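K.L.:
Structure: input.tsv, TSV, C-alpha atoms.
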chain	number	residue	atom	x	y	z
A	1	MET	CA	88.89	89.69	56.17
A	2	GLU	CA	86.00	89.92	58.66
A	3	LEU	CA	82.45	90.50	57.45
A	4	LYS	CA	79.74	91.57	59.89
A	5	VAL	CA	76.77	89.21	60.09
A	6	ILE	CA	73.35	90.56	61.08
A	7	ASN	CA	70.02	88.95	61.94
A	8	ASP	CA	66.50	89.71	60.71
A	9	LYS	CA	66.30	92.73	63.02
A	10	GLY	CA	69.48	94.32	61.72
A	11	GLN	CA	71.48	93.47	64.85
A	12	ALA	CA	75.08	92.32	64.52
A	13	THR	CA	75.40	88.73	65.71
A	14	ALA	CA	78.92	87.62	64.69
A	15	ASN	CA	81.78	88.10	62.28
A	16	LEU	CA	82.41	85.90	59.28
A	17	SER	CA	85.95	85.21	58.08
A	18	ALA	CA	86.09	85.80	54.33
A	19	SER	CA	88.76	85.71	51.66
A	20	ASP	CA	90.95	88.81	51.48
A	21	GLU	CA	91.50	88.09	47.80
A	22	LEU	CA	87.77	88.35	47.12
A	23	PHE	CA	86.52	90.91	49.66
A	24	GLY	CA	89.65	92.88	50.54
A	25	ARG	CA	91.04	93.65	47.13
A	26	GLU	CA	92.09	97.10	45.92
A	27	TYR	CA	89.50	98.71	43.65
A	28	ASN	CA	90.46	98.84	39.96
A	29	GLU	CA	88.09	101.22	38.21
A	30	ASP	CA	89.48	100.61	34.72
A	31	LEU	CA	89.10	96.84	35.06
A	32	VAL	CA	85.55	97.14	36.40
A	33	HIS	CA	84.62	99.46	33.53
A	34	GLN	CA	86.03	97.02	30.99
A	35	LEU	CA	84.22	94.12	32.63
A	36	VAL	CA	80.84	95.90	32.75
A	37	THR	CA	81.21	97.16	29.16
A	38	ALA	CA	82.08	93.69	27.89
A	39	TYR	CA	79.22	92.08	29.82
A	40	MET	CA	76.71	94.50	28.30
A	41	ALA	CA	78.21	94.14	24.82
A	42	ASN	CA	78.03	90.34	25.00
A	43	ALA	CA	74.32	90.57	25.82
A	44	ARG	CA	73.67	92.74	22.78
A	45	GLY	CA	71.96	91.20	19.78
A	46	ALA	CA	72.62	92.25	16.20
A	47	ASN	CA	69.00	92.74	15.14
A	48	SER	CA	69.25	96.07	13.32
A	49	LYS	CA	69.12	95.78	9.52
A	50	GLN	CA	69.47	98.77	7.19
A	51	LYS	CA	69.37	99.00	3.41
A	52	GLY	CA	72.28	100.06	1.26
A	53	ARG	CA	71.82	101.95	-1.99
A	54	SER	CA	71.66	98.68	-3.95
A	55	GLU	CA	68.71	97.46	-1.87
A	56	ILE	CA	66.52	100.57	-2.09
A	57	ALA	CA	63.39	100.15	-4.24
A	58	LYS	CA	63.96	103.18	-6.44
A	59	SER	CA	64.63	103.61	-10.14
A	60	THR	CA	68.24	103.72	-11.28
A	61	ARG	CA	67.34	106.26	-13.97
A	62	LYS	CA	69.13	109.58	-13.78
A	63	PRO	CA	66.64	111.94	-12.04
A	64	PHE	CA	67.39	114.99	-14.24
A	65	ALA	CA	69.90	116.26	-16.73
A	66	GLN	CA	73.49	116.65	-15.66
A	67	LYS	CA	73.68	120.31	-16.69
A	68	GLY	CA	71.39	123.26	-17.11
A	69	THR	CA	69.02	122.80	-14.19
A	70	GLY	CA	70.97	124.75	-11.57
A	71	ARG	CA	70.78	121.81	-9.20
A	72	ALA	CA	73.58	119.64	-7.92
A	73	ARG	CA	74.28	116.72	-10.22
A	74	ALA	CA	72.69	113.41	-9.25
A	75	GLY	CA	73.00	109.92	-10.64
A	76	MET	CA	70.08	108.09	-9.03
A	77	ALA	CA	67.40	108.61	-6.38
A	78	SER	CA	68.79	105.85	-4.16
A	79	SER	CA	71.85	107.96	-3.38
A	80	PRO	CA	72.64	108.18	0.36
A	81	LEU	CA	72.53	111.96	0.01
A	82	TRP	CA	68.86	111.90	-0.90
A	83	ARG	CA	65.92	111.44	1.43
A	84	GLY	CA	64.81	107.81	1.26
A	85	GLY	CA	68.15	106.75	-0.16
A	86	GLY	CA	70.32	103.93	1.03
A	87	LYS	CA	72.67	104.13	4.00
A	88	ILE	CA	76.37	104.61	3.34
A	89	PHE	CA	77.55	101.98	5.84
A	90	PRO	CA	74.36	100.04	6.66
A	91	ASN	CA	73.94	97.63	9.55
A	92	THR	CA	73.71	94.14	8.10
A	93	GLY	CA	72.15	92.41	11.11
A	94	GLU	CA	75.18	90.14	11.34
A	95	GLU	CA	77.45	92.37	13.43
A	96	ASN	CA	79.39	90.74	16.24
A	97	TYR	CA	79.59	92.98	19.32
A	98	THR	CA	81.13	90.45	21.70
A	99	GLN	CA	84.19	91.35	23.72
A	100	LYS	CA	86.50	88.75	25.19
A	101	VAL	CA	87.20	88.79	28.92
A	102	ASN	CA	89.38	85.98	30.19
A	103	ARG	CA	88.68	84.14	33.42
A	104	LYS	CA	91.42	85.86	35.41
A	105	MET	CA	90.14	89.33	34.48
A	106	TYR	CA	86.55	88.36	35.27
A	107	ARG	CA	87.47	87.07	38.73
A	108	ALA	CA	89.63	90.12	39.49
A	109	GLY	CA	86.88	92.51	38.35
A	110	LEU	CA	84.20	90.74	40.39
A	111	ALA	CA	86.48	90.75	43.43
A	112	ALA	CA	87.10	94.48	42.97
A	113	ILE	CA	83.34	95.17	42.93
A	114	LEU	CA	82.71	93.05	46.04
A	115	SER	CA	85.62	94.69	47.86
A	116	LYS	CA	84.24	98.13	47.00
A	117	LEU	CA	80.85	97.16	48.42
A	118	VAL	CA	82.49	95.97	51.64
A	119	SER	CA	84.66	99.08	52.02
A	120	GLU	CA	81.61	101.33	51.61
A	121	ASN	CA	79.47	99.26	54.02
A	122	ARG	CA	77.01	98.45	51.26
A	123	LEU	CA	77.34	94.66	51.57
A	124	VAL	CA	75.46	92.94	54.40
A	125	VAL	CA	75.77	89.28	55.40
A	126	VAL	CA	72.83	87.46	56.99
A	127	ASP	CA	72.69	83.95	58.40
A	128	SER	CA	69.74	83.08	56.17
A	129	LEU	CA	66.86	84.77	54.43
A	130	THR	CA	63.60	82.90	54.06
A	131	VAL	CA	59.90	83.73	54.16
A	132	GLU	CA	57.22	81.46	55.54
A	133	ALA	CA	54.77	82.05	52.67
A	134	PRO	CA	54.93	83.52	49.16
A	135	LYS	CA	53.75	86.98	50.26
A	136	THR	CA	55.35	90.25	49.21
A	137	LYS	CA	54.42	91.84	52.52
A	138	LEU	CA	56.46	89.32	54.51
A	139	LEU	CA	59.63	89.94	52.54
A	140	ALA	CA	59.11	93.71	52.64
A	141	GLN	CA	58.79	93.54	56.43
A	142	LYS	CA	62.00	91.51	56.72
A	143	ILE	CA	63.92	93.97	54.58
A	144	LYS	CA	62.60	96.89	56.59
A	145	GLY	CA	63.43	95.09	59.84
A	146	MET	CA	67.06	94.78	58.74
A	147	GLY	CA	67.19	98.54	58.32
A	148	LEU	CA	67.53	98.41	54.54
A	149	ASP	CA	65.63	100.51	52.05
A	150	GLY	CA	65.86	101.57	48.43
A	151	ARG	CA	67.10	99.28	45.69
A	152	LEU	CA	68.38	95.97	47.03
A	153	LEU	CA	70.12	92.91	45.59
A	154	ILE	CA	69.70	89.67	47.52
A	155	ILE	CA	72.14	86.82	46.85
A	156	THR	CA	71.45	83.41	48.34
A	157	ASP	CA	72.97	79.98	47.87
A	158	ASN	CA	69.59	78.61	46.83
A	159	VAL	CA	66.47	80.62	45.93
A	160	ASP	CA	63.42	78.82	47.26
A	161	GLU	CA	59.99	79.30	45.71
A	162	ASN	CA	58.58	81.42	48.55
A	163	LEU	CA	61.46	83.89	48.41
A	164	TYR	CA	61.29	84.14	44.63
A	165	LEU	CA	57.53	84.68	44.52
A	166	SER	CA	57.66	87.19	47.38
A	167	SER	CA	60.21	89.35	45.57
A	168	ARG	CA	58.47	89.55	42.19
A	169	ASN	CA	56.19	92.44	43.14
A	170	LEU	CA	58.98	94.47	44.72
A	171	PRO	CA	60.30	96.58	41.82
A	172	ASN	CA	63.49	97.60	43.66
A	173	VAL	CA	64.44	94.12	44.87
A	174	LEU	CA	66.21	91.41	42.85
A	175	VAL	CA	66.89	87.91	44.17
A	176	LEU	CA	69.68	85.85	42.61
A	177	GLU	CA	71.53	82.66	43.38
A	178	ALA	CA	75.26	82.95	44.01
A	179	ASN	CA	76.16	81.40	40.66
A	180	GLN	CA	73.94	83.98	38.88
A	181	ALA	CA	75.56	87.07	40.44
A	182	ASP	CA	76.85	89.26	37.62
A	183	PRO	CA	78.85	92.51	37.47
A	184	ILE	CA	75.90	94.55	36.18
A	185	SER	CA	73.65	93.68	39.12
A	186	LEU	CA	76.42	94.21	41.68
A	187	VAL	CA	77.17	97.66	40.26
A	188	ARG	CA	73.55	98.69	39.70
A	189	PHE	CA	72.22	98.08	43.22
A	190	PRO	CA	73.38	100.39	46.01
A	191	ASN	CA	72.88	97.71	48.70
A	192	VAL	CA	73.60	93.99	48.56
A	193	VAL	CA	72.47	91.31	51.01
A	194	VAL	CA	74.36	87.99	50.93
A	195	THR	CA	73.57	84.91	52.98
A	196	ARG	CA	76.34	83.14	54.86
A	197	ASN	CA	76.12	80.07	52.61
A	198	ALA	CA	76.19	82.29	49.52
A	199	VAL	CA	79.47	83.84	50.68
A	200	ALA	CA	80.98	80.36	50.93
A	201	LYS	CA	79.69	79.51	47.47
A	202	ILE	CA	81.08	82.72	45.94
A	203	GLU	CA	84.46	82.02	47.53
A	204	GLU	CA	84.39	78.50	46.14
A	205	MET	CA	83.72	79.81	42.62
A	206	PHE	CA	85.99	82.85	42.45
A	207	ALA	CA	88.53	82.93	45.29
Will you turn the file into structure tokens for me?

P.N.:
Amino acid sequence: MELKVINDKGQATANLSASDELFGREYNEDLVHQLVTAYMANARGANSKQKGRSEIAKSTRKPFAQKGTGRARAGMASSPLWRGGGKIFPNTGEENYTQKVNRKMYRAGLAAILSKLVSENRLVVVDSLTVEAPKTKLLAQKIKGMGLDGRLLIITDNVDENLYLSSRNLPNVLVLEANQADPISLVRFPNVVVTRNAVAKIEEMFA
């Protein structure tokens, strides 16, 4: 698999040989959906607590007589059918939303996403990406010089302080190290920039 490498001005300089298993794989939409769903579910916290009818601070006295009022019979005001009553199946705050994804599925799903990016010309490889000073303007100029616009994910082998600080004020740009690349970010951003060393590191981890 050959990946096109560009310079800071967006000009093609060379081709980079990459793993077919990682960047030339057939796209599996069902697997990618399962991977993204599981990743989001595993990041979810069970912090919602609701009260059942036994926890509602209301009297347990029968509100009115069983017969003769013309109203539907009722046993207590904490009934789930009444306003302010308890929930029928309340959230306890101890729910477990995690979904298991084994290592083989995770690697295959990540490879499918990367291969899709390559096939749609949305993945760009650069020799390196650094800025001389922690200034947002410098990074914005480099991105524009490469002919990229819109939302952008930058993956490097090592995020230096200047690059990190320069990207913080760019709301549509996210900078990650290769070992932090996740399915959500790869799917969410329409364009992805990867440094040459980051490609080697991704291949070492997943190929």

K.L.:
Near A:Ala77, counting only C-alpha atoms, which residues have an atom at most 12 Å away, once you skip same-chain residues fewer than 4 positions from it, shown as number ranges by chain?

P.N.:
A: 53-54, 56-64, 73, 81-86

K.L.:
Please determine, counting all atoms listed in the file, which residue among A:Ile154, A:Pro134, A:Gln180, A:Val187 has the shortest atom-to-atom distance to A:Ser166.

P.N.:
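Looking at the shortest contact to A:Ser166, the residue is A:Pro134.
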
K.L.:
Enter the distance from atom CA of A:Arg44 to atom CA of A:Gln99, in Å, rounded to one decimal.

P.N.:
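Taking atom CA of A:Arg44 as the start and atom CA of A:Gln99 as the end point, the length is 10.7 Å.
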
K.L.:
Need to verify the contact set: A:Asn96, 9 Å, all atoms listed in the file, exclusion of same-chain residues closer than 6 positions in sequence. Can you return it as a PyMOL selection string?

P.N.:
chain A and resi 42+44-46

K.L.:
Would you export the selected residues with C-alpha atoms as a compact mmCIF listing (two decimals), in the coordinates of the input, please?

P.N.:
# COMPACT_ATOMS: atom_id res chain seq x y z
CA ASN A 42 78.03 90.34 25.00
CA ARG A 44 73.67 92.74 22.78
CA GLY A 45 71.96 91.20 19.78
CA ALA A 46 72.62 92.25 16.20

K.L.:
When you count only C-alpha atoms, which of these residues is closest to A:Ile155: A:Arg103, A:Arg196, A:Arg188, A:Lys9?

P.N.:
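Counting only C-alpha atoms, the residue closest to A:Ile155 is A:Arg196.
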
K.L.:
Taking the structure I provided as the source, export stretch 48-174 of chain A with C-alpha atoms, as a PDB file, in the first residue's frame.

P.N.:
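Ended up saving to out-v9.pdb:
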ATOM      1  CA  SER A  48     -28.552   9.069  36.955  1.00  0.00           C
ATOM      2  CA  LYS A  49     -30.494   8.154  40.102  1.00  0.00           C
ATOM      3  CA  GLN A  50     -34.296   8.004  40.235  1.00  0.00           C
ATOM      4  CA  LYS A  51     -36.651   7.192  43.089  1.00  0.00           C
ATOM      5  CA  GLY A  52     -38.939   4.207  43.187  1.00  0.00           C
ATOM      6  CA  ARG A  53     -42.316   4.283  44.894  1.00  0.00           C
ATOM      7  CA  SER A  54     -40.774   3.104  48.174  1.00  0.00           C
ATOM      8  CA  GLU A  55     -38.383   6.079  48.236  1.00  0.00           C
ATOM      9  CA  ILE A  56     -40.899   8.861  47.561  1.00  0.00           C
ATOM     10  CA  ALA A  57     -41.590  11.127  50.564  1.00  0.00           C
ATOM     11  CA  LYS A  58     -45.366  10.802  50.492  1.00  0.00           C
ATOM     12  CA  SER A  59     -47.889   9.348  52.907  1.00  0.00           C
ATOM     13  CA  THR A  60     -48.867   5.722  52.463  1.00  0.00           C
ATOM     14  CA  ARG A  61     -52.432   6.523  53.551  1.00  0.00           C
ATOM     15  CA  LYS A  62     -55.143   5.752  51.045  1.00  0.00           C
ATOM     16  CA  PRO A  63     -55.902   9.115  49.348  1.00  0.00           C
ATOM     17  CA  PHE A  64     -59.701   8.634  49.210  1.00  0.00           C
ATOM     18  CA  ALA A  65     -62.343   5.978  49.596  1.00  0.00           C
ATOM     19  CA  GLN A  66     -62.284   2.997  47.295  1.00  0.00           C
ATOM     20  CA  LYS A  67     -65.866   3.496  46.128  1.00  0.00           C
ATOM     21  CA  GLY A  68     -68.366   6.274  45.731  1.00  0.00           C
ATOM     22  CA  THR A  69     -66.147   9.109  44.532  1.00  0.00           C
ATOM     23  CA  GLY A  70     -66.368   8.448  40.795  1.00  0.00           C
ATOM     24  CA  ARG A  71     -62.595   8.487  40.547  1.00  0.00           C
ATOM     25  CA  ALA A  72     -60.272   5.642  39.684  1.00  0.00           C
ATOM     26  CA  ARG A  73     -59.263   3.663  42.749  1.00  0.00           C
ATOM     27  CA  ALA A  74     -55.902   4.555  44.277  1.00  0.00           C
ATOM     28  CA  GLY A  75     -53.872   3.022  47.064  1.00  0.00           C
ATOM     29  CA  MET A  76     -51.262   5.683  47.794  1.00  0.00           C
ATOM     30  CA  ALA A  77     -49.983   8.997  46.404  1.00  0.00           C
ATOM     31  CA  SER A  78     -46.548   7.556  45.623  1.00  0.00           C
ATOM     32  CA  SER A  79     -48.024   5.435  42.840  1.00  0.00           C
ATOM     33  CA  PRO A  80     -46.106   5.702  39.541  1.00  0.00           C
ATOM     34  CA  LEU A  81     -49.384   6.678  37.882  1.00  0.00           C
ATOM     35  CA  TRP A  82     -49.611   9.862  39.922  1.00  0.00           C
ATOM     36  CA  ARG A  83     -47.703  13.082  39.382  1.00  0.00           C
ATOM     37  CA  GLY A  84     -44.763  13.142  41.798  1.00  0.00           C
ATOM     38  CA  GLY A  85     -44.943   9.397  42.275  1.00  0.00           C
ATOM     39  CA  GLY A  86     -42.095   6.956  42.043  1.00  0.00           C
ATOM     40  CA  LYS A  87     -40.708   5.568  38.798  1.00  0.00           C
ATOM     41  CA  ILE A  88     -41.729   2.071  37.760  1.00  0.00           C
ATOM     42  CA  PHE A  89     -38.225   0.936  36.765  1.00  0.00           C
ATOM     43  CA  PRO A  90     -35.958   3.625  38.261  1.00  0.00           C
ATOM     44  CA  ASN A  91     -32.297   4.133  37.415  1.00  0.00           C
ATOM     45  CA  THR A  92     -30.278   3.093  40.439  1.00  0.00           C
ATOM     46  CA  GLY A  93     -27.029   4.876  39.554  1.00  0.00           C
ATOM     47  CA  GLU A  94     -25.243   1.527  39.481  1.00  0.00           C
ATOM     48  CA  GLU A  95     -26.013   0.508  35.896  1.00  0.00           C
ATOM     49  CA  ASN A  96     -23.200  -1.004  33.865  1.00  0.00           C
ATOM     50  CA  TYR A  97     -23.266   0.166  30.238  1.00  0.00           C
ATOM     51  CA  THR A  98     -19.934  -1.321  29.163  1.00  0.00           C
ATOM     52  CA  GLN A  99     -19.709  -3.432  26.036  1.00  0.00           C
ATOM     53  CA  LYS A 100     -16.893  -5.875  25.431  1.00  0.00           C
ATOM     54  CA  VAL A 101     -14.832  -5.567  22.256  1.00  0.00           C
ATOM     55  CA  ASN A 102     -11.950  -7.995  21.969  1.00  0.00           C
ATOM     56  CA  ARG A 103      -8.550  -6.994  20.657  1.00  0.00           C
ATOM     57  CA  LYS A 104      -8.991  -8.608  17.242  1.00  0.00           C
ATOM     58  CA  MET A 105     -12.271  -6.767  16.614  1.00  0.00           C
ATOM     59  CA  TYR A 106     -10.780  -3.463  17.774  1.00  0.00           C
ATOM     60  CA  ARG A 107      -7.800  -3.773  15.429  1.00  0.00           C
ATOM     61  CA  ALA A 108      -9.992  -4.814  12.491  1.00  0.00           C
ATOM     62  CA  GLY A 109     -12.418  -1.933  13.110  1.00  0.00           C
ATOM     63  CA  LEU A 110      -9.631   0.640  13.387  1.00  0.00           C
ATOM     64  CA  ALA A 111      -8.035  -0.716  10.209  1.00  0.00           C
ATOM     65  CA  ALA A 112     -11.384  -0.463   8.407  1.00  0.00           C
ATOM     66  CA  ILE A 113     -11.716   3.209   9.410  1.00  0.00           C
ATOM     67  CA  LEU A 114      -8.164   4.048   8.318  1.00  0.00           C
ATOM     68  CA  SER A 115      -8.649   2.212   5.020  1.00  0.00           C
ATOM     69  CA  LYS A 116     -11.857   4.157   4.388  1.00  0.00           C
ATOM     70  CA  LEU A 117     -10.023   7.431   4.991  1.00  0.00           C
ATOM     71  CA  VAL A 118      -7.313   6.421   2.525  1.00  0.00           C
ATOM     72  CA  SER A 119      -9.768   5.284  -0.157  1.00  0.00           C
ATOM     73  CA  GLU A 120     -11.645   8.600   0.070  1.00  0.00           C
ATOM     74  CA  ASN A 121      -8.425  10.679   0.022  1.00  0.00           C
ATOM     75  CA  ARG A 122      -9.191  12.062   3.466  1.00  0.00           C
ATOM     76  CA  LEU A 123      -5.941  10.879   5.073  1.00  0.00           C
ATOM     77  CA  VAL A 124      -2.788  12.912   4.428  1.00  0.00           C
ATOM     78  CA  VAL A 125       0.748  11.946   5.451  1.00  0.00           C
ATOM     79  CA  VAL A 126       3.347  14.625   6.196  1.00  0.00           C
ATOM     80  CA  ASP A 127       7.033  14.222   6.973  1.00  0.00           C
ATOM     81  CA  SER A 128       6.649  16.184  10.204  1.00  0.00           C
ATOM     82  CA  LEU A 129       4.464  18.866  11.696  1.00  0.00           C
ATOM     83  CA  THR A 130       5.986  21.335  14.103  1.00  0.00           C
ATOM     84  CA  VAL A 131       5.610  25.027  14.909  1.00  0.00           C
ATOM     85  CA  GLU A 132       8.432  27.296  15.963  1.00  0.00           C
ATOM     86  CA  ALA A 133       6.471  29.004  18.749  1.00  0.00           C
ATOM     87  CA  PRO A 134       3.233  28.344  20.661  1.00  0.00           C
ATOM     88  CA  LYS A 135       1.125  30.598  18.424  1.00  0.00           C
ATOM     89  CA  THR A 136      -2.247  29.672  16.975  1.00  0.00           C
ATOM     90  CA  LYS A 137      -1.585  31.784  13.895  1.00  0.00           C
ATOM     91  CA  LEU A 138       1.486  29.751  12.942  1.00  0.00           C
ATOM     92  CA  LEU A 139      -0.365  26.447  13.031  1.00  0.00           C
ATOM     93  CA  ALA A 140      -3.347  27.912  11.177  1.00  0.00           C
ATOM     94  CA  GLN A 141      -1.010  29.133   8.438  1.00  0.00           C
ATOM     95  CA  LYS A 142       0.599  25.698   8.132  1.00  0.00           C
ATOM     96  CA  ILE A 143      -2.760  23.981   7.840  1.00  0.00           C
ATOM     97  CA  LYS A 144      -3.896  26.468   5.219  1.00  0.00           C
ATOM     98  CA  GLY A 145      -0.617  26.058   3.338  1.00  0.00           C
ATOM     99  CA  MET A 146      -1.234  22.313   3.070  1.00  0.00           C
ATOM    100  CA  GLY A 147      -4.553  23.050   1.394  1.00  0.00           C
ATOM    101  CA  LEU A 148      -6.649  21.738   4.283  1.00  0.00           C
ATOM    102  CA  ASP A 149      -9.665  23.413   5.802  1.00  0.00           C
ATOM    103  CA  GLY A 150     -12.628  22.546   7.983  1.00  0.00           C
ATOM    104  CA  ARG A 151     -12.413  20.113  10.870  1.00  0.00           C
ATOM    105  CA  LEU A 152      -9.027  18.415  11.094  1.00  0.00           C
ATOM    106  CA  LEU A 153      -7.476  15.652  13.189  1.00  0.00           C
ATOM    107  CA  ILE A 154      -3.693  15.706  13.519  1.00  0.00           C
ATOM    108  CA  ILE A 155      -1.924  12.532  14.662  1.00  0.00           C
ATOM    109  CA  THR A 156       1.766  12.690  15.519  1.00  0.00           C
ATOM    110  CA  ASP A 157       4.193  10.281  17.128  1.00  0.00           C
ATOM    111  CA  ASN A 158       4.935  12.819  19.845  1.00  0.00           C
ATOM    112  CA  VAL A 159       2.985  16.013  20.600  1.00  0.00           C
ATOM    113  CA  ASP A 160       5.419  18.744  21.578  1.00  0.00           C
ATOM    114  CA  GLU A 161       4.361  21.665  23.750  1.00  0.00           C
ATOM    115  CA  ASN A 162       4.359  24.241  20.937  1.00  0.00           C
ATOM    116  CA  LEU A 163       2.068  22.148  18.744  1.00  0.00           C
ATOM    117  CA  TYR A 164      -0.290  21.411  21.614  1.00  0.00           C
ATOM    118  CA  LEU A 165      -0.548  25.035  22.744  1.00  0.00           C
ATOM    119  CA  SER A 166      -0.959  26.276  19.178  1.00  0.00           C
ATOM    120  CA  SER A 167      -3.934  23.987  18.559  1.00  0.00           C
ATOM    121  CA  ARG A 168      -5.922  24.798  21.696  1.00  0.00           C
ATOM    122  CA  ASN A 169      -7.587  27.909  20.263  1.00  0.00           C
ATOM    123  CA  LEU A 170      -8.512  26.222  16.985  1.00  0.00           C
ATOM    124  CA  PRO A 171     -11.986  24.790  17.681  1.00  0.00           C
ATOM    125  CA  ASN A 172     -11.971  22.543  14.592  1.00  0.00           C
ATOM    126  CA  VAL A 173      -8.496  21.076  15.125  1.00  0.00           C
ATOM    127  CA  LEU A 174      -7.571  18.221  17.477  1.00  0.00           C
TER     128      LEU A 174
END
